[in-house]
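K.L.:
This is the content of start.pdb (PDB, C-alpha atoms and all ligand atoms):
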```
ATOM      1  CA  MET A   1     -87.745 -26.244 168.246  1.00  0.00           C
ATOM      2  CA  THR A   2     -89.076 -28.814 170.703  1.00  0.00           C
ATOM      3  CA  ALA A   3     -90.511 -27.802 174.046  1.00  0.00           C
ATOM      4  CA  ASP A   4     -87.494 -29.248 175.819  1.00  0.00           C
ATOM      5  CA  LEU A   5     -84.344 -28.033 174.122  1.00  0.00           C
ATOM      6  CA  PHE A   6     -82.197 -30.555 175.955  1.00  0.00           C
ATOM      7  CA  GLU A   7     -84.293 -33.560 174.959  1.00  0.00           C
ATOM      8  CA  ALA A   8     -81.997 -34.340 172.044  1.00  0.00           C
ATOM      9  CA  VAL A   9     -78.787 -33.499 173.914  1.00  0.00           C
ATOM     10  CA  PRO A  10     -78.688 -35.926 176.849  1.00  0.00           C
ATOM     11  CA  ASP A  11     -75.017 -35.269 177.637  1.00  0.00           C
ATOM     12  CA  VAL A  12     -75.601 -31.657 178.564  1.00  0.00           C
ATOM     13  CA  HIS A  13     -76.038 -30.911 182.246  1.00  0.00           C
ATOM     14  CA  PRO A  14     -75.807 -27.172 182.680  1.00  0.00           C
ATOM     15  CA  SER A  15     -74.860 -26.187 186.204  1.00  0.00           C
ATOM     16  CA  ARG A  16     -76.638 -23.460 188.105  1.00  0.00           C
ATOM     17  CA  GLU A  17     -75.195 -20.942 190.501  1.00  0.00           C
ATOM     18  CA  ALA A  18     -77.413 -18.713 192.626  1.00  0.00           C
ATOM     19  CA  MET A  19     -76.346 -15.054 192.473  1.00  0.00           C
ATOM     20  CA  ALA A  20     -79.068 -13.371 194.508  1.00  0.00           C
ATOM     21  CA  GLU A  21     -82.743 -13.939 195.179  1.00  0.00           C
ATOM     22  CA  GLY A  22     -84.250 -14.083 191.668  1.00  0.00           C
ATOM     23  CA  ALA A  23     -80.849 -14.210 189.946  1.00  0.00           C
ATOM     24  CA  VAL A  24     -79.132 -17.333 188.673  1.00  0.00           C
ATOM     25  CA  LEU A  25     -76.184 -18.176 186.457  1.00  0.00           C
ATOM     26  CA  LEU A  26     -76.842 -21.135 184.147  1.00  0.00           C
ATOM     27  CA  ARG A  27     -73.376 -22.134 183.016  1.00  0.00           C
ATOM     28  CA  GLY A  28     -73.058 -23.505 179.493  1.00  0.00           C
ATOM     29  CA  TYR A  29     -76.803 -23.406 178.930  1.00  0.00           C
ATOM     30  CA  ALA A  30     -76.666 -22.025 175.379  1.00  0.00           C
ATOM     31  CA  LYS A  31     -73.553 -23.931 174.302  1.00  0.00           C
ATOM     32  CA  PRO A  32     -75.422 -26.806 172.567  1.00  0.00           C
ATOM     33  CA  PHE A  33     -77.147 -24.291 170.295  1.00  0.00           C
ATOM     34  CA  GLU A  34     -74.102 -22.215 169.375  1.00  0.00           C
ATOM     35  CA  ASN A  35     -74.159 -23.009 165.658  1.00  0.00           C
ATOM     36  CA  GLU A  36     -77.837 -22.183 165.232  1.00  0.00           C
ATOM     37  CA  VAL A  37     -77.398 -19.022 167.279  1.00  0.00           C
ATOM     38  CA  VAL A  38     -74.411 -17.840 165.261  1.00  0.00           C
ATOM     39  CA  ALA A  39     -76.189 -18.506 161.947  1.00  0.00           C
ATOM     40  CA  ALA A  40     -79.240 -16.531 163.113  1.00  0.00           C
ATOM     41  CA  LEU A  41     -77.006 -13.757 164.398  1.00  0.00           C
ATOM     42  CA  ARG A  42     -75.315 -13.399 161.004  1.00  0.00           C
ATOM     43  CA  GLU A  43     -78.674 -12.845 159.312  1.00  0.00           C
ATOM     44  CA  ILE A  44     -79.684 -10.218 161.857  1.00  0.00           C
ATOM     45  CA  ILE A  45     -76.419  -8.332 161.540  1.00  0.00           C
ATOM     46  CA  ALA A  46     -76.665  -8.316 157.733  1.00  0.00           C
ATOM     47  CA  ARG A  47     -79.969  -6.446 158.011  1.00  0.00           C
ATOM     48  CA  ALA A  48     -79.297  -4.394 161.124  1.00  0.00           C
ATOM     49  CA  PRO A  49     -75.537  -3.865 161.479  1.00  0.00           C
ATOM     50  CA  PHE A  50     -73.902  -3.128 164.830  1.00  0.00           C
ATOM     51  CA  ARG A  51     -73.560   0.558 165.597  1.00  0.00           C
ATOM     52  CA  ARG A  52     -72.125   2.514 168.514  1.00  0.00           C
ATOM     53  CA  MET A  53     -74.925   4.660 169.850  1.00  0.00           C
ATOM     54  CA  PHE A  54     -74.713   7.891 171.788  1.00  0.00           C
ATOM     55  CA  THR A  55     -75.943   8.381 175.336  1.00  0.00           C
ATOM     56  CA  PRO A  56     -78.278  11.285 176.089  1.00  0.00           C
ATOM     57  CA  GLY A  57     -75.199  12.998 177.569  1.00  0.00           C
ATOM     58  CA  GLY A  58     -73.463  12.845 174.186  1.00  0.00           C
ATOM     59  CA  HIS A  59     -70.949  10.058 174.915  1.00  0.00           C
ATOM     60  CA  GLN A  60     -70.467   7.354 172.333  1.00  0.00           C
ATOM     61  CA  MET A  61     -70.813   3.910 173.923  1.00  0.00           C
ATOM     62  CA  SER A  62     -67.835   1.531 173.651  1.00  0.00           C
ATOM     63  CA  VAL A  63     -70.260  -1.362 173.114  1.00  0.00           C
ATOM     64  CA  ALA A  64     -71.762  -1.632 169.618  1.00  0.00           C
ATOM     65  CA  MET A  65     -75.434  -2.637 169.516  1.00  0.00           C
ATOM     66  CA  THR A  66     -78.244  -3.883 167.371  1.00  0.00           C
ATOM     67  CA  ASN A  67     -81.600  -5.545 168.103  1.00  0.00           C
ATOM     68  CA  CYS A  68     -84.073  -8.127 166.951  1.00  0.00           C
ATOM     69  CA  GLY A  69     -87.707  -8.486 167.943  1.00  0.00           C
ATOM     70  CA  THR A  70     -90.701  -6.183 167.727  1.00  0.00           C
ATOM     71  CA  ALA A  71     -89.020  -3.676 170.026  1.00  0.00           C
ATOM     72  CA  GLY A  72     -85.390  -2.567 170.006  1.00  0.00           C
ATOM     73  CA  TRP A  73     -83.488  -0.593 172.646  1.00  0.00           C
ATOM     74  CA  VAL A  74     -82.042   2.635 171.334  1.00  0.00           C
ATOM     75  CA  THR A  75     -80.280   5.631 172.803  1.00  0.00           C
ATOM     76  CA  ASP A  76     -79.545   9.026 171.307  1.00  0.00           C
ATOM     77  CA  ARG A  77     -79.439  12.649 172.413  1.00  0.00           C
ATOM     78  CA  SER A  78     -83.152  12.546 173.210  1.00  0.00           C
ATOM     79  CA  GLY A  79     -82.905   9.623 175.667  1.00  0.00           C
ATOM     80  CA  TYR A  80     -83.238   5.862 176.057  1.00  0.00           C
ATOM     81  CA  ARG A  81     -86.291   4.073 174.686  1.00  0.00           C
ATOM     82  CA  TYR A  82     -87.667   1.048 172.887  1.00  0.00           C
ATOM     83  CA  ASP A  83     -88.551   1.551 169.255  1.00  0.00           C
ATOM     84  CA  GLY A  84     -89.979  -0.899 166.719  1.00  0.00           C
ATOM     85  CA  ILE A  85     -87.994   0.808 163.954  1.00  0.00           C
ATOM     86  CA  ASP A  86     -84.230   0.694 163.460  1.00  0.00           C
ATOM     87  CA  PRO A  87     -83.286   4.387 163.222  1.00  0.00           C
ATOM     88  CA  ASP A  88     -80.367   3.561 160.881  1.00  0.00           C
ATOM     89  CA  SER A  89     -82.441   1.726 158.255  1.00  0.00           C
ATOM     90  CA  GLY A  90     -85.906   3.127 158.880  1.00  0.00           C
ATOM     91  CA  GLN A  91     -87.114  -0.498 158.799  1.00  0.00           C
ATOM     92  CA  PRO A  92     -88.491  -2.714 161.579  1.00  0.00           C
ATOM     93  CA  TRP A  93     -85.817  -4.628 163.491  1.00  0.00           C
ATOM     94  CA  PRO A  94     -85.261  -8.196 162.209  1.00  0.00           C
ATOM     95  CA  GLU A  95     -87.644 -10.747 163.672  1.00  0.00           C
ATOM     96  CA  MET A  96     -86.560 -12.604 166.789  1.00  0.00           C
ATOM     97  CA  PRO A  97     -85.350 -16.022 165.531  1.00  0.00           C
ATOM     98  CA  SER A  98     -87.271 -18.987 166.957  1.00  0.00           C
ATOM     99  CA  THR A  99     -84.022 -20.448 168.331  1.00  0.00           C
ATOM    100  CA  PHE A 100     -83.346 -17.259 170.297  1.00  0.00           C
ATOM    101  CA  ARG A 101     -86.870 -17.220 171.664  1.00  0.00           C
ATOM    102  CA  ALA A 102     -86.788 -20.889 172.654  1.00  0.00           C
ATOM    103  CA  ILE A 103     -83.466 -20.570 174.489  1.00  0.00           C
ATOM    104  CA  ALA A 104     -84.606 -17.440 176.329  1.00  0.00           C
ATOM    105  CA  GLU A 105     -87.971 -18.881 177.336  1.00  0.00           C
ATOM    106  CA  GLN A 106     -86.459 -22.127 178.518  1.00  0.00           C
ATOM    107  CA  ALA A 107     -83.669 -20.423 180.483  1.00  0.00           C
ATOM    108  CA  ALA A 108     -86.258 -18.169 182.130  1.00  0.00           C
ATOM    109  CA  ALA A 109     -88.373 -21.186 183.081  1.00  0.00           C
ATOM    110  CA  GLU A 110     -85.271 -22.916 184.459  1.00  0.00           C
ATOM    111  CA  ALA A 111     -84.704 -19.842 186.637  1.00  0.00           C
ATOM    112  CA  GLY A 112     -88.279 -19.854 187.932  1.00  0.00           C
ATOM    113  CA  PHE A 113     -89.862 -17.450 185.441  1.00  0.00           C
ATOM    114  CA  ALA A 114     -92.131 -19.713 183.422  1.00  0.00           C
ATOM    115  CA  GLY A 115     -94.256 -17.867 180.857  1.00  0.00           C
ATOM    116  CA  PHE A 116     -91.609 -15.300 179.925  1.00  0.00           C
ATOM    117  CA  THR A 117     -92.398 -13.950 176.438  1.00  0.00           C
ATOM    118  CA  PRO A 118     -89.622 -11.610 175.270  1.00  0.00           C
ATOM    119  CA  ASP A 119     -90.444  -9.041 172.610  1.00  0.00           C
ATOM    120  CA  ALA A 120     -86.995  -7.444 172.526  1.00  0.00           C
ATOM    121  CA  CYS A 121     -83.476  -8.806 172.169  1.00  0.00           C
ATOM    122  CA  LEU A 122     -80.691  -6.259 172.528  1.00  0.00           C
ATOM    123  CA  ILE A 123     -77.474  -7.551 170.982  1.00  0.00           C
ATOM    124  CA  ASN A 124     -74.268  -6.113 172.422  1.00  0.00           C
ATOM    125  CA  ARG A 125     -70.866  -6.459 170.802  1.00  0.00           C
ATOM    126  CA  TYR A 126     -67.763  -5.931 172.937  1.00  0.00           C
ATOM    127  CA  VAL A 127     -64.303  -5.711 171.421  1.00  0.00           C
ATOM    128  CA  PRO A 128     -61.268  -5.745 173.743  1.00  0.00           C
ATOM    129  CA  GLY A 129     -61.454  -2.712 176.034  1.00  0.00           C
ATOM    130  CA  ALA A 130     -65.215  -2.216 175.621  1.00  0.00           C
ATOM    131  CA  ARG A 131     -67.212  -2.072 178.842  1.00  0.00           C
ATOM    132  CA  MET A 132     -70.631  -1.314 180.220  1.00  0.00           C
ATOM    133  CA  SER A 133     -70.846   0.789 183.343  1.00  0.00           C
ATOM    134  CA  LEU A 134     -73.138  -0.082 186.249  1.00  0.00           C
ATOM    135  CA  HIS A 135     -76.758   0.514 185.372  1.00  0.00           C
ATOM    136  CA  GLN A 136     -80.286  -0.766 185.935  1.00  0.00           C
ATOM    137  CA  ASP A 137     -82.434  -2.133 183.116  1.00  0.00           C
ATOM    138  CA  GLN A 138     -85.450   0.042 183.701  1.00  0.00           C
ATOM    139  CA  ASP A 139     -86.746   1.119 180.297  1.00  0.00           C
ATOM    140  CA  GLU A 140     -89.135  -1.849 180.157  1.00  0.00           C
ATOM    141  CA  GLN A 141     -92.787  -1.422 181.054  1.00  0.00           C
ATOM    142  CA  ASP A 142     -93.266  -4.544 183.142  1.00  0.00           C
ATOM    143  CA  PHE A 143     -90.699  -5.431 185.789  1.00  0.00           C
ATOM    144  CA  ALA A 144     -92.489  -8.730 186.498  1.00  0.00           C
ATOM    145  CA  ALA A 145     -90.621 -10.183 183.508  1.00  0.00           C
ATOM    146  CA  PRO A 146     -86.967 -11.112 184.044  1.00  0.00           C
ATOM    147  CA  ILE A 147     -83.917 -10.256 181.956  1.00  0.00           C
ATOM    148  CA  VAL A 148     -82.285 -13.228 180.209  1.00  0.00           C
ATOM    149  CA  SER A 149     -78.687 -12.589 179.191  1.00  0.00           C
ATOM    150  CA  VAL A 150     -76.715 -14.936 176.916  1.00  0.00           C
ATOM    151  CA  SER A 151     -72.927 -14.645 176.627  1.00  0.00           C
ATOM    152  CA  LEU A 152     -71.035 -15.687 173.492  1.00  0.00           C
ATOM    153  CA  GLY A 153     -67.382 -15.504 172.538  1.00  0.00           C
ATOM    154  CA  LEU A 154     -64.656 -14.074 174.756  1.00  0.00           C
ATOM    155  CA  SER A 155     -65.211 -14.345 178.484  1.00  0.00           C
ATOM    156  CA  ALA A 156     -66.045 -11.231 180.467  1.00  0.00           C
ATOM    157  CA  ILE A 157     -66.315 -10.141 184.076  1.00  0.00           C
ATOM    158  CA  PHE A 158     -69.981  -9.446 184.815  1.00  0.00           C
ATOM    159  CA  LEU A 159     -70.560  -7.135 187.760  1.00  0.00           C
ATOM    160  CA  PHE A 160     -73.735  -7.837 189.679  1.00  0.00           C
ATOM    161  CA  GLY A 161     -74.552  -5.462 192.508  1.00  0.00           C
ATOM    162  CA  GLY A 162     -77.694  -4.707 194.441  1.00  0.00           C
ATOM    163  CA  PRO A 163     -80.620  -2.308 194.464  1.00  0.00           C
ATOM    164  CA  LYS A 164     -78.402   0.708 195.156  1.00  0.00           C
ATOM    165  CA  ARG A 165     -75.645   2.010 192.911  1.00  0.00           C
ATOM    166  CA  ALA A 166     -73.298   2.027 195.915  1.00  0.00           C
ATOM    167  CA  ASP A 167     -73.837  -1.702 196.623  1.00  0.00           C
ATOM    168  CA  LYS A 168     -70.530  -3.447 195.986  1.00  0.00           C
ATOM    169  CA  PRO A 169     -70.926  -5.661 192.932  1.00  0.00           C
ATOM    170  CA  LYS A 170     -69.903  -9.304 192.946  1.00  0.00           C
ATOM    171  CA  ARG A 171     -67.802 -10.394 189.984  1.00  0.00           C
ATOM    172  CA  TYR A 172     -68.708 -13.363 187.789  1.00  0.00           C
ATOM    173  CA  ARG A 173     -66.636 -14.616 184.890  1.00  0.00           C
ATOM    174  CA  LEU A 174     -69.108 -15.293 182.079  1.00  0.00           C
ATOM    175  CA  GLU A 175     -67.975 -17.740 179.422  1.00  0.00           C
ATOM    176  CA  HIS A 176     -69.280 -18.614 175.980  1.00  0.00           C
ATOM    177  CA  GLY A 177     -72.714 -20.210 176.367  1.00  0.00           C
ATOM    178  CA  ASP A 178     -73.412 -18.990 179.898  1.00  0.00           C
ATOM    179  CA  ILE A 179     -76.826 -17.486 180.642  1.00  0.00           C
ATOM    180  CA  VAL A 180     -77.667 -15.152 183.506  1.00  0.00           C
ATOM    181  CA  VAL A 181     -81.314 -14.640 184.434  1.00  0.00           C
ATOM    182  CA  TRP A 182     -82.356 -11.950 186.893  1.00  0.00           C
ATOM    183  CA  GLY A 183     -85.844 -11.003 187.901  1.00  0.00           C
ATOM    184  CA  GLY A 184     -88.218 -10.782 190.834  1.00  0.00           C
ATOM    185  CA  PRO A 185     -86.403  -9.250 193.823  1.00  0.00           C
ATOM    186  CA  SER A 186     -83.238  -8.604 191.769  1.00  0.00           C
ATOM    187  CA  ARG A 187     -84.914  -7.353 188.572  1.00  0.00           C
ATOM    188  CA  LEU A 188     -83.662  -3.802 189.116  1.00  0.00           C
ATOM    189  CA  PHE A 189     -80.237  -4.663 190.548  1.00  0.00           C
ATOM    190  CA  PHE A 190     -77.300  -2.656 189.236  1.00  0.00           C
ATOM    191  CA  HIS A 191     -75.030  -4.540 186.866  1.00  0.00           C
ATOM    192  CA  GLY A 192     -72.310  -3.940 184.302  1.00  0.00           C
ATOM    193  CA  VAL A 193     -69.385  -5.449 182.438  1.00  0.00           C
ATOM    194  CA  ALA A 194     -65.683  -4.785 183.179  1.00  0.00           C
ATOM    195  CA  PRO A 195     -63.437  -3.783 180.245  1.00  0.00           C
ATOM    196  CA  LEU A 196     -63.118  -6.822 177.991  1.00  0.00           C
ATOM    197  CA  ALA A 197     -59.705  -8.496 178.045  1.00  0.00           C
ATOM    198  CA  ASP A 198     -58.106  -9.257 174.715  1.00  0.00           C
ATOM    199  CA  GLY A 199     -58.250 -12.783 173.346  1.00  0.00           C
ATOM    200  CA  GLU A 200     -59.381 -14.942 170.500  1.00  0.00           C
ATOM    201  CA  HIS A 201     -62.405 -17.227 170.730  1.00  0.00           C
ATOM    202  CA  ALA A 202     -62.457 -20.321 168.498  1.00  0.00           C
ATOM    203  CA  LEU A 203     -65.993 -19.724 167.190  1.00  0.00           C
ATOM    204  CA  MET A 204     -66.553 -16.005 167.727  1.00  0.00           C
ATOM    205  CA  GLY A 205     -63.112 -14.492 167.177  1.00  0.00           C
ATOM    206  CA  ARG A 206     -61.856 -11.408 168.976  1.00  0.00           C
ATOM    207  CA  GLN A 207     -65.116 -10.259 170.526  1.00  0.00           C
ATOM    208  CA  ARG A 208     -67.839 -10.972 173.008  1.00  0.00           C
ATOM    209  CA  ILE A 209     -71.472 -10.894 171.970  1.00  0.00           C
ATOM    210  CA  ASN A 210     -74.227 -10.668 174.529  1.00  0.00           C
ATOM    211  CA  LEU A 211     -77.921 -11.142 173.886  1.00  0.00           C
ATOM    212  CA  THR A 212     -80.338  -9.710 176.440  1.00  0.00           C
ATOM    213  CA  PHE A 213     -83.948 -10.760 176.150  1.00  0.00           C
ATOM    214  CA  ARG A 214     -86.511  -8.442 177.620  1.00  0.00           C
ATOM    215  CA  LYS A 215     -90.213  -7.860 177.781  1.00  0.00           C
ATOM    216  CA  ALA A 216     -90.194  -4.233 176.743  1.00  0.00           C
ATOM    217  CA  ARG A 217     -93.887  -3.565 176.235  1.00  0.00           C
TER     218      ARG A 217
HETATM  219  O1  LIG B 301     -73.175  -7.700 178.325  1.00  0.00           O
HETATM  220  C1  LIG B 301     -73.721  -8.073 179.374  1.00  0.00           C
HETATM  221  O2  LIG B 301     -73.407  -9.131 179.940  1.00  0.00           O
HETATM  222  C2  LIG B 301     -74.758  -7.203 180.038  1.00  0.00           C
HETATM  223  C3  LIG B 301     -75.460  -6.283 179.105  1.00  0.00           C
HETATM  224  C4  LIG B 301     -76.435  -5.381 179.785  1.00  0.00           C
HETATM  225  O3  LIG B 301     -76.434  -5.221 180.966  1.00  0.00           O
HETATM  226  C5  LIG B 301     -77.431  -4.658 178.991  1.00  0.00           C
HETATM  227  O4  LIG B 301     -77.438  -4.783 177.752  1.00  0.00           O
HETATM  228  O5  LIG B 301     -78.262  -3.956 179.576  1.00  0.00           O
HETATM  229 FE    FE B 302     -78.278  -4.189 181.585  1.00  0.00          FE
END
```
Represent the structure of the file as structure tokens.

P.N.:
Amino acid sequence: MTADLFEAVPDVHPSREAMAEGAVLLRGYAKPFENEVVAALREIIARAPFRRMFTPGGHQMSVAMTNCGTAGWVTDRSGYRYDGIDPDSGQPWPEMPSTFRAIAEQAAAEAGFAGFTPDACLINRYVPGARMSLHQDQDEQDFAAPIVSVSLGLSAIFLFGGPKRADKPKRYRLEHGDIVVWGGPSRLFFHGVAPLADGEHALMGRQRINLTFRKAR
């Protein structure tokens, strides 16, 4: 992967939309790399299949998850944490593909977070009706690093609030290829995903897949 991913794709001009201080929506940013991303995703899923984890409170999440990278986000009755080992296989999570890393690092730089080096990529799979309630991403050790979130497949309504749970979230429709980066002053802002509407995506089928890149350790 070259240093500038868009070097070879001169027709791509991703648009940017400011969401809050430190938060930006890069529309269509990952679209040129969709085939490479999907191929890499298939390999990850073959080794670390999606599974619906349980919250510490005992509820099964509607979103199915897996990870790649040296750290993976897991939840079970004992709590939320990052773990280098997939609890289902007993093996390390699949390596983070170089394409994933390059897209995440470049999107972060585009958003003002040059030098971002993700060690974790949580992969979320939403089928129609699946949702993610408002939460903060706070299981990472270093909040100086942003979160880089890549949307693939069916569009979803992303809810982006503020520092307090009660802050009314703004709604953003995220489409296939869109990337949201949040960090700095908005690193700990509450966010979530509204129940996924049914549909069929030409490349991804009847689902939405979201990749969130994090610096966990
Ligand atoms: O699916 C999304 O767009 C957001 C996912 C998310 O917030 C998370 O995995 O922590
Ligand atoms: Fe999150």

K.L.:
Exactly which residues make up the result of the PyMOL selection byres (((chain A and resi 213) around 7) and not hetatm) on this file, given as an MDAnalysis selection string?

P.N.:
chainID A and resid 104 118 120:122 147:149 211:212 214

K.L.:
In Å, with one decimal, what is the gap from atom CA of A:Asn210 to atom CA of A:Glu36?

P.N.:
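Atom CA of A:Glu36 lies 15.2 Å from atom CA of A:Asn210.
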
K.L.:
So which residues get picked by the PyMOL selection byres (((not hetatm)) within 8 of (chain B and resi 301)) here, written as a ChimeraX atom specification?

P.N.:
/A:122-126,132,135-137,149-151,156,158,174,191-193,209-212

K.L.:
Keeping only C-alpha atoms, write the selected residues to a file as a PDB file, in the coordinates of the input.

P.N.:
```
ATOM      1  CA  LEU A 122     -80.691  -6.259 172.528  1.00  0.00           C
ATOM      2  CA  ILE A 123     -77.474  -7.551 170.982  1.00  0.00           C
ATOM      3  CA  ASN A 124     -74.268  -6.113 172.422  1.00  0.00           C
ATOM      4  CA  ARG A 125     -70.866  -6.459 170.802  1.00  0.00           C
ATOM      5  CA  TYR A 126     -67.763  -5.931 172.937  1.00  0.00           C
ATOM      6  CA  MET A 132     -70.631  -1.314 180.220  1.00  0.00           C
ATOM      7  CA  HIS A 135     -76.758   0.514 185.372  1.00  0.00           C
ATOM      8  CA  GLN A 136     -80.286  -0.766 185.935  1.00  0.00           C
ATOM      9  CA  ASP A 137     -82.434  -2.133 183.116  1.00  0.00           C
ATOM     10  CA  SER A 149     -78.687 -12.589 179.191  1.00  0.00           C
ATOM     11  CA  VAL A 150     -76.715 -14.936 176.916  1.00  0.00           C
ATOM     12  CA  SER A 151     -72.927 -14.645 176.627  1.00  0.00           C
ATOM     13  CA  ALA A 156     -66.045 -11.231 180.467  1.00  0.00           C
ATOM     14  CA  PHE A 158     -69.981  -9.446 184.815  1.00  0.00           C
ATOM     15  CA  LEU A 174     -69.108 -15.293 182.079  1.00  0.00           C
ATOM     16  CA  HIS A 191     -75.030  -4.540 186.866  1.00  0.00           C
ATOM     17  CA  GLY A 192     -72.310  -3.940 184.302  1.00  0.00           C
ATOM     18  CA  VAL A 193     -69.385  -5.449 182.438  1.00  0.00           C
ATOM     19  CA  ILE A 209     -71.472 -10.894 171.970  1.00  0.00           C
ATOM     20  CA  ASN A 210     -74.227 -10.668 174.529  1.00  0.00           C
ATOM     21  CA  LEU A 211     -77.921 -11.142 173.886  1.00  0.00           C
ATOM     22  CA  THR A 212     -80.338  -9.710 176.440  1.00  0.00           C
TER      23      THR A 212
END
```

K.L.:
Near A:Leu152, within 10 Å and counting only C-alpha atoms, which residues show up once chain neighbours fewer than 3 positions away are dropped, as a ChimeraX atom specification?

P.N.:
/A:30-31,34,37-38,125,155-156,174-179,201,203-204,207-211

K.L.:
Enter the distance from atom CA of A:Arg173 to atom CA of A:Ile157, in Å, rounded to one decimal.

P.N.:
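Computing the Euclidean distance for atom CA of A:Arg173 and atom CA of A:Ile157 yields 4.6 Å.
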
K.L.:
Would you mind reading off the distance between atom CA of A:Pro195 and atom CA of A:Ser62, one decimal, in Å?

P.N.:
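Atom CA of A:Pro195 sits 9.5 Å away from atom CA of A:Ser62.
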
K.L.:
As a check of understanding, name the residues that the PyMOL selection byres (((chain A and resi 170) around 8) and not hetatm) selects in the supplied structure, as JSON, numbers by chain.

P.N.:
{"A": [159, 160, 161, 168, 169, 171, 172]}

K.L.:
Those residues you just picked out, can you put them in a file as a tab-separated table (two decimals), in the frame of the given file with C-alpha atoms?

P.N.:
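Below you can see result.tsv, which holds the result:
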```
chain	number	residue	atom	x	y	z
A	159	LEU	CA	-70.56	-7.14	187.76
A	160	PHE	CA	-73.74	-7.84	189.68
A	161	GLY	CA	-74.55	-5.46	192.51
A	168	LYS	CA	-70.53	-3.45	195.99
A	169	PRO	CA	-70.93	-5.66	192.93
A	171	ARG	CA	-67.80	-10.39	189.98
A	172	TYR	CA	-68.71	-13.36	187.79
```

K.L.:
Using the incomplete input, complete stretch 195-211 of chain A to the level of N, CA and C atoms; output as a short mmCIF file (atom, residue, chain, number, x, y, z; two decimals), in the coordinates of the input.

P.N.:
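out39.cif, written as the output of this step:
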```cif
data_model
loop_
_atom_site.label_atom_id
_atom_site.label_comp_id
_atom_site.auth_asym_id
_atom_site.auth_seq_id
_atom_site.Cartn_x
_atom_site.Cartn_y
_atom_site.Cartn_z
N PRO A 195 -64.07 -3.86 181.57
CA PRO A 195 -63.44 -3.78 180.24
C PRO A 195 -63.01 -5.17 179.76
N LEU A 196 -63.38 -5.49 178.53
CA LEU A 196 -63.12 -6.82 177.99
C LEU A 196 -61.62 -7.02 177.77
N ALA A 197 -61.12 -8.15 178.27
CA ALA A 197 -59.70 -8.50 178.04
C ALA A 197 -59.55 -9.01 176.62
N ASP A 198 -58.37 -8.81 176.08
CA ASP A 198 -58.11 -9.26 174.72
C ASP A 198 -58.04 -10.78 174.67
N GLY A 199 -58.30 -11.33 173.53
CA GLY A 199 -58.25 -12.78 173.35
C GLY A 199 -58.83 -13.15 172.01
N GLU A 200 -58.86 -14.44 171.77
CA GLU A 200 -59.38 -14.94 170.50
C GLU A 200 -60.26 -16.15 170.85
N HIS A 201 -61.51 -16.11 170.45
CA HIS A 201 -62.40 -17.23 170.73
C HIS A 201 -62.53 -18.08 169.47
N ALA A 202 -62.48 -19.40 169.64
CA ALA A 202 -62.46 -20.32 168.50
C ALA A 202 -63.62 -20.09 167.54
N LEU A 203 -64.82 -19.89 168.05
CA LEU A 203 -65.99 -19.72 167.19
C LEU A 203 -66.29 -18.26 166.87
N MET A 204 -66.08 -17.39 167.84
CA MET A 204 -66.55 -16.00 167.73
C MET A 204 -65.46 -14.99 167.40
N GLY A 205 -64.20 -15.42 167.48
CA GLY A 205 -63.11 -14.49 167.18
C GLY A 205 -62.80 -13.56 168.33
N ARG A 206 -62.37 -12.34 167.98
CA ARG A 206 -61.86 -11.41 168.98
C ARG A 206 -62.97 -10.48 169.48
N GLN A 207 -63.99 -11.06 170.06
CA GLN A 207 -65.12 -10.26 170.53
C GLN A 207 -65.97 -11.07 171.50
N ARG A 208 -66.79 -10.34 172.20
CA ARG A 208 -67.84 -10.97 173.01
C ARG A 208 -69.17 -10.44 172.51
N ILE A 209 -70.13 -11.33 172.33
CA ILE A 209 -71.47 -10.89 171.97
C ILE A 209 -72.41 -11.33 173.08
N ASN A 210 -73.26 -10.42 173.46
CA ASN A 210 -74.23 -10.67 174.53
C ASN A 210 -75.63 -10.39 174.00
N LEU A 211 -76.52 -11.32 174.27
CA LEU A 211 -77.92 -11.14 173.89
C LEU A 211 -78.71 -10.93 175.17
#
```
